[in-house]
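Notes follow the structure.
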Protein chains: 2
Amino acid sequence: MSTKLGFSIGALGKATGTEVVTIRYYEKIGILPIPSRTAGNYRSYSDAHVRRLGFVRRARGLGFPLEAIRALLALTDQPDMPCEEVDKLVLDQLYAVERKISDLERLRSELDRLANQCRGGRHVSDCRIIEALSP
Amino acid sequence: MSTKLGFSIGALGKATGTEVVTIRYYEKIGILPIPSRTAGNYRSYSDAHVRRLGFVRRARGLGFPLEAIRALLALTDQPDMPCEEVDKLVLDQLYAVERKISDLERLRSELDRLANQCRGGRHVSDCRIIEALSP
DNA sequence: GATGAACCCTGTAGCCGCTATAGGGTCAAT
DNA sequence: ATTGACCCTATAGCGGCTACAGGGTTCATC
């Protein structure tokens with residue numbers, strides 16, 4: 001509950017595995033609240049900032065786009081909102097990831113087929129791969 | 001072998017499934033050779049352009065980055081080069097796709113676990129998902 | 001009290017592969 | 001003569017950072 005330790009931006013970065021520039025970027029786009037400043041104009045973060053940035057980085061680690069994270073943050077700030085909305089955001093992200101996987105699996109099998117065309121030909125002129133990519 | 005049909009940019013786009021703006025972009029970054037122009041300053045493409053753009057789009061469809069495609073194009077222009085280099089580019093792309101798939105599969109299982117936490121809680125205040133994302 | 005290293009500040013531009021917008025010109029059919 | 005579909009250039013924007021330029025602050029060491 002101590003919220004006045006006064007983390008520097010570098011300390012916050014280390015605590016959360018975030019680049020300093022990324023933290024400033026999050027502040028600029030309103031993902032992270034504006035911190036107070038020291039006498040020397042350094043940003044000074046509280047425990048609340050550490051928790052919030054930790055949340056953001058975990059969600060980013062799961063591939064959530066920043067806009068979805070913004071929505072999740074808004075929900076955490078309003079504890080009376082129905083939990084469904086959180087669930088929906090998570091499911092949306094799950095489906096997005098599943099779509100990407102199946103797209104990439106199709107690519108993989110085509111690339112695999114393509115890679116196995118390379119049999120014997122020594123020069124590009126008789127390369128089956130180039131042939132397969134050509135009209 | 002007729003190379004003087006004079007496709008307009010729109011016709012080239014339709015023939016290859018490419019947006020007009022994308023064709024101009026490819027020209028600007030040197031992926032597609034500069035075409036001749038009509039009296040009215042319209043771009044005029046030959047069959048060779050159609051084939052080249054077709055090649056580019058197929059490779060893009062397999063997820064090759066434009067830099068790799070640039071390298072593939074350079075190889076197709078030099079038929080004496082060893083075929084290995086083509087093979088290497090294809091394998092690189094295959095490995096890149098495989099890495100992405102396994103990354104996404106990890107995400108999928110984590111998201112799946114997360115989605116299944118949403119049991120019972122009606123409000124964000126007792127949402128297990130938010131809890132799981134929080135420090 | 002001077003120096004140096006490690007940190008911090010702002011602002012701007014770049015990455016990829018397009019896509020969108022603004023503000024025009026050309027061409028073919030009616 | 002006018003419409004409407006096409007074409008032209010140039011510039012800015014998307015996401016999510018990353019890099020760079022050109023400074024200021026803080027703290028330890030000499």
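Residues are named by chain letter and number: chains run A, B, ... in the order of the structure tokens, numbers start at 1 in each chain, and ligands are numbered from 1 in the order shown.
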Open item on the list: With only C-alpha atoms (C1' of nucleotides) considered, list every residue of chain A at most 9 Å from chain D, as a list in words.
Closed with: Val21, Thr22, Tyr25, Gly40, Asn41, Tyr42, Pro65 and Leu66 of chain A
Which residues of chain C come within 10 Å of chain B, and for each one, what is the closest pair of atoms and their distance in Å to one decimal, counting only C-alpha atoms (C1' of nucleotides), sorted by chain and residue number, as a tab-separated table?
```
residue	atom	partner	partner_atom	distance
C:DC16	C1'	B:Pro65	CA	8.6
C:DG17	C1'	B:Leu66	CA	8.4
C:DC18	C1'	B:Thr22	CA	6.7
C:DT19	C1'	B:Val21	CA	8.1
C:DG25	C1'	B:Gly40	CA	8.6
C:DT26	C1'	B:Gly40	CA	6.3
C:DC27	C1'	B:Gly40	CA	9.1
```
Could you please take those selected residues and save C-alpha atoms (C1' of nucleotides) as a tab-separated table (two decimals), in the first residue's frame?
```
chain	number	residue	atom	x	y	z
C	16	DC	C1'	6.80	-2.36	-42.69
C	17	DG	C1'	3.43	-2.64	-46.22
C	18	DC	C1'	0.36	-0.59	-47.40
C	19	DT	C1'	-4.09	2.80	-47.17
C	25	DG	C1'	-5.83	15.94	-65.13
C	26	DT	C1'	-7.47	12.47	-69.04
C	27	DC	C1'	-10.47	9.74	-71.68
```
Set the distance at 12 Å and use only C-alpha atoms (C1' of nucleotides): which residues neighbour Arg24 (chain A) once local chain neighbours fewer than 3 positions away are removed? I'd like the list as a ChimeraX atom specification. /A:8-10,12-13,18-21,27-35,42-43,53 /C:8-10 /D:17
What are the coordinates of chain B as a CSV table (one decimal) with C-alpha atoms, in the first residue's frame following a least-squares fit to chain A on all in-order C-alpha atoms?
```csv
chain,number,residue,atom,x,y,z
B,1,MET,CA,0.1,0.0,0.1
B,2,SER,CA,3.0,2.3,0.0
B,3,THR,CA,2.4,4.4,-3.0
B,4,LYS,CA,5.1,7.1,-2.6
B,5,LEU,CA,8.4,5.4,-3.4
B,6,GLY,CA,9.0,7.6,-6.4
B,7,PHE,CA,10.3,5.2,-9.1
B,8,SER,CA,12.4,6.8,-11.8
B,9,ILE,CA,11.4,5.9,-15.4
B,10,GLY,CA,14.4,3.6,-15.6
B,11,ALA,CA,13.4,1.8,-12.4
B,12,LEU,CA,9.9,1.4,-13.6
B,13,GLY,CA,11.2,0.0,-16.8
B,14,LYS,CA,13.3,-2.5,-15.0
B,15,ALA,CA,10.5,-3.5,-12.7
B,16,THR,CA,8.2,-4.2,-15.6
B,17,GLY,CA,10.5,-5.2,-18.4
B,18,THR,CA,9.7,-2.2,-20.5
B,19,GLU,CA,12.0,0.1,-22.5
B,20,VAL,CA,12.1,3.7,-21.2
B,21,VAL,CA,11.0,5.0,-24.6
B,22,THR,CA,8.0,2.7,-24.6
B,23,ILE,CA,6.9,4.1,-21.2
B,24,ARG,CA,7.0,7.6,-22.5
B,25,TYR,CA,5.1,6.4,-25.6
B,26,TYR,CA,2.4,4.9,-23.4
B,27,GLU,CA,2.1,8.1,-21.5
B,28,LYS,CA,1.8,10.1,-24.7
B,29,ILE,CA,-1.1,8.0,-26.0
B,30,GLY,CA,-2.8,7.9,-22.7
B,31,ILE,CA,-2.3,4.3,-21.7
B,32,LEU,CA,-0.3,5.3,-18.6
B,33,PRO,CA,-1.3,8.2,-16.4
B,34,ILE,CA,0.9,11.3,-16.3
B,35,PRO,CA,3.3,10.9,-13.4
B,36,SER,CA,4.4,13.7,-11.0
B,37,ARG,CA,7.8,15.2,-11.6
B,38,THR,CA,10.8,15.8,-9.4
B,39,ALA,CA,12.5,19.2,-8.9
B,40,GLY,CA,14.8,18.3,-11.8
B,41,ASN,CA,11.9,17.5,-14.1
B,42,TYR,CA,12.3,13.7,-13.9
B,43,ARG,CA,9.1,11.6,-14.0
B,44,SER,CA,8.4,10.0,-10.6
B,45,TYR,CA,6.2,6.9,-10.5
B,46,SER,CA,4.2,5.3,-7.7
B,47,ASP,CA,3.3,1.7,-7.0
B,48,ALA,CA,0.1,2.2,-8.8
B,49,HIS,CA,2.0,3.0,-12.0
B,50,VAL,CA,4.0,-0.2,-11.6
B,51,ARG,CA,0.9,-2.2,-11.2
B,52,ARG,CA,-0.8,-0.6,-14.2
B,53,LEU,CA,2.2,-0.9,-16.4
B,54,GLY,CA,2.6,-4.5,-15.3
B,55,PHE,CA,-1.0,-5.2,-16.4
B,56,VAL,CA,-0.4,-3.5,-19.7
B,57,ARG,CA,2.8,-5.5,-20.4
B,58,ARG,CA,1.1,-8.8,-19.5
B,59,ALA,CA,-1.7,-8.1,-21.8
B,60,ARG,CA,0.7,-7.0,-24.6
B,61,GLY,CA,2.5,-10.3,-24.0
B,62,LEU,CA,-0.7,-12.0,-24.9
B,63,GLY,CA,-0.9,-10.0,-28.1
B,64,PHE,CA,-3.7,-7.7,-27.1
B,65,PRO,CA,-3.6,-4.5,-29.2
B,66,LEU,CA,-3.2,-1.3,-27.2
B,67,GLU,CA,-6.8,-0.3,-28.0
B,68,ALA,CA,-8.1,-3.5,-26.4
B,69,ILE,CA,-5.8,-2.8,-23.4
B,70,ARG,CA,-7.2,0.7,-23.1
B,71,ALA,CA,-10.7,-0.9,-22.9
B,72,LEU,CA,-9.5,-3.4,-20.3
B,73,LEU,CA,-8.0,-0.6,-18.2
B,74,ALA,CA,-11.2,1.4,-18.4
B,75,LEU,CA,-13.1,-1.7,-17.1
B,76,THR,CA,-10.7,-2.3,-14.2
B,77,ASP,CA,-11.4,1.3,-13.3
B,78,GLN,CA,-15.1,0.7,-13.1
B,79,PRO,CA,-15.6,-2.4,-10.9
B,80,ASP,CA,-19.4,-2.3,-11.3
B,81,MET,CA,-19.3,-3.1,-15.0
B,82,PRO,CA,-20.4,-6.5,-16.0
B,83,CYS,CA,-17.6,-9.1,-16.4
B,84,GLU,CA,-18.9,-10.1,-19.8
B,85,GLU,CA,-17.2,-7.3,-21.4
B,86,VAL,CA,-13.8,-8.5,-20.1
B,87,ASP,CA,-14.7,-12.0,-21.3
B,88,LYS,CA,-15.6,-10.6,-24.8
B,89,LEU,CA,-12.3,-8.8,-25.2
B,90,VAL,CA,-10.4,-12.0,-24.2
B,91,LEU,CA,-12.4,-14.1,-26.6
B,92,ASP,CA,-11.9,-11.6,-29.4
B,93,GLN,CA,-8.2,-11.8,-28.9
B,94,LEU,CA,-8.3,-15.6,-28.7
B,95,TYR,CA,-10.2,-15.8,-32.0
B,96,ALA,CA,-7.8,-13.3,-33.6
B,97,VAL,CA,-4.9,-15.5,-32.6
B,98,GLU,CA,-6.6,-18.6,-33.9
B,99,ARG,CA,-7.2,-17.0,-37.2
B,100,LYS,CA,-3.6,-16.0,-37.5
B,101,ILE,CA,-2.5,-19.5,-36.6
B,102,SER,CA,-4.6,-21.1,-39.3
B,103,ASP,CA,-3.5,-18.5,-41.9
B,104,LEU,CA,0.1,-19.3,-41.0
B,105,GLU,CA,-0.4,-23.0,-41.1
B,106,ARG,CA,-1.6,-22.7,-44.7
B,107,LEU,CA,1.4,-20.7,-45.5
B,108,ARG,CA,3.6,-23.3,-43.8
B,109,SER,CA,2.3,-26.1,-45.9
B,110,GLU,CA,2.7,-24.1,-49.1
B,111,LEU,CA,6.2,-23.1,-48.2
B,112,ASP,CA,7.0,-26.7,-47.3
B,113,ARG,CA,5.8,-27.9,-50.6
B,114,LEU,CA,7.8,-25.1,-52.3
B,115,ALA,CA,11.0,-25.9,-50.4
B,116,ASN,CA,10.8,-29.5,-51.5
B,117,GLN,CA,10.7,-28.5,-55.1
B,118,CYS,CA,14.3,-27.7,-54.9
B,119,ARG,CA,15.7,-31.0,-56.2
B,120,GLY,CA,18.7,-31.2,-58.4
B,121,GLY,CA,18.5,-27.9,-60.2
B,122,ARG,CA,21.9,-26.2,-59.9
B,123,HIS,CA,21.1,-22.8,-61.4
B,124,VAL,CA,18.3,-20.4,-61.1
B,125,SER,CA,17.5,-21.0,-64.7
B,126,ASP,CA,16.2,-24.4,-63.9
B,127,CYS,CA,15.0,-23.7,-60.4
B,128,ARG,CA,11.6,-25.2,-59.7
B,129,ILE,CA,10.9,-22.8,-56.9
B,130,ILE,CA,11.1,-19.8,-59.2
B,131,GLU,CA,9.0,-21.7,-61.7
B,132,ALA,CA,6.4,-22.4,-59.1
B,133,LEU,CA,6.2,-18.7,-58.2
B,134,SER,CA,6.0,-17.6,-61.8
B,135,PRO,CA,2.8,-17.3,-63.7
```
| query | Just asking: which residues within chain A are strand (DSSP E) according to DSSP, as an MDAnalysis selection string? | reply | chainID A and resid 36:37 43:44
Any chance you can output those residues with C-alpha atoms as a PDB file, in the first residue's frame?
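Output file again-v3.pdb follows:
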```pdb
ATOM      1  CA  SER A  36       4.440  13.683 -11.055  1.00  0.00           C
ATOM      2  CA  ARG A  37       7.846  15.258 -11.552  1.00  0.00           C
ATOM      3  CA  ARG A  43       9.167  11.575 -14.005  1.00  0.00           C
ATOM      4  CA  SER A  44       8.381  10.016 -10.637  1.00  0.00           C
TER       5      SER A  44
END
```
Got a sec to tell me which of chain A DSSP assigns to alpha helix (DSSP H), as a PyMOL selection string? chain A and resi 9-16+20-28+47-61+66-76+84-115+128-133
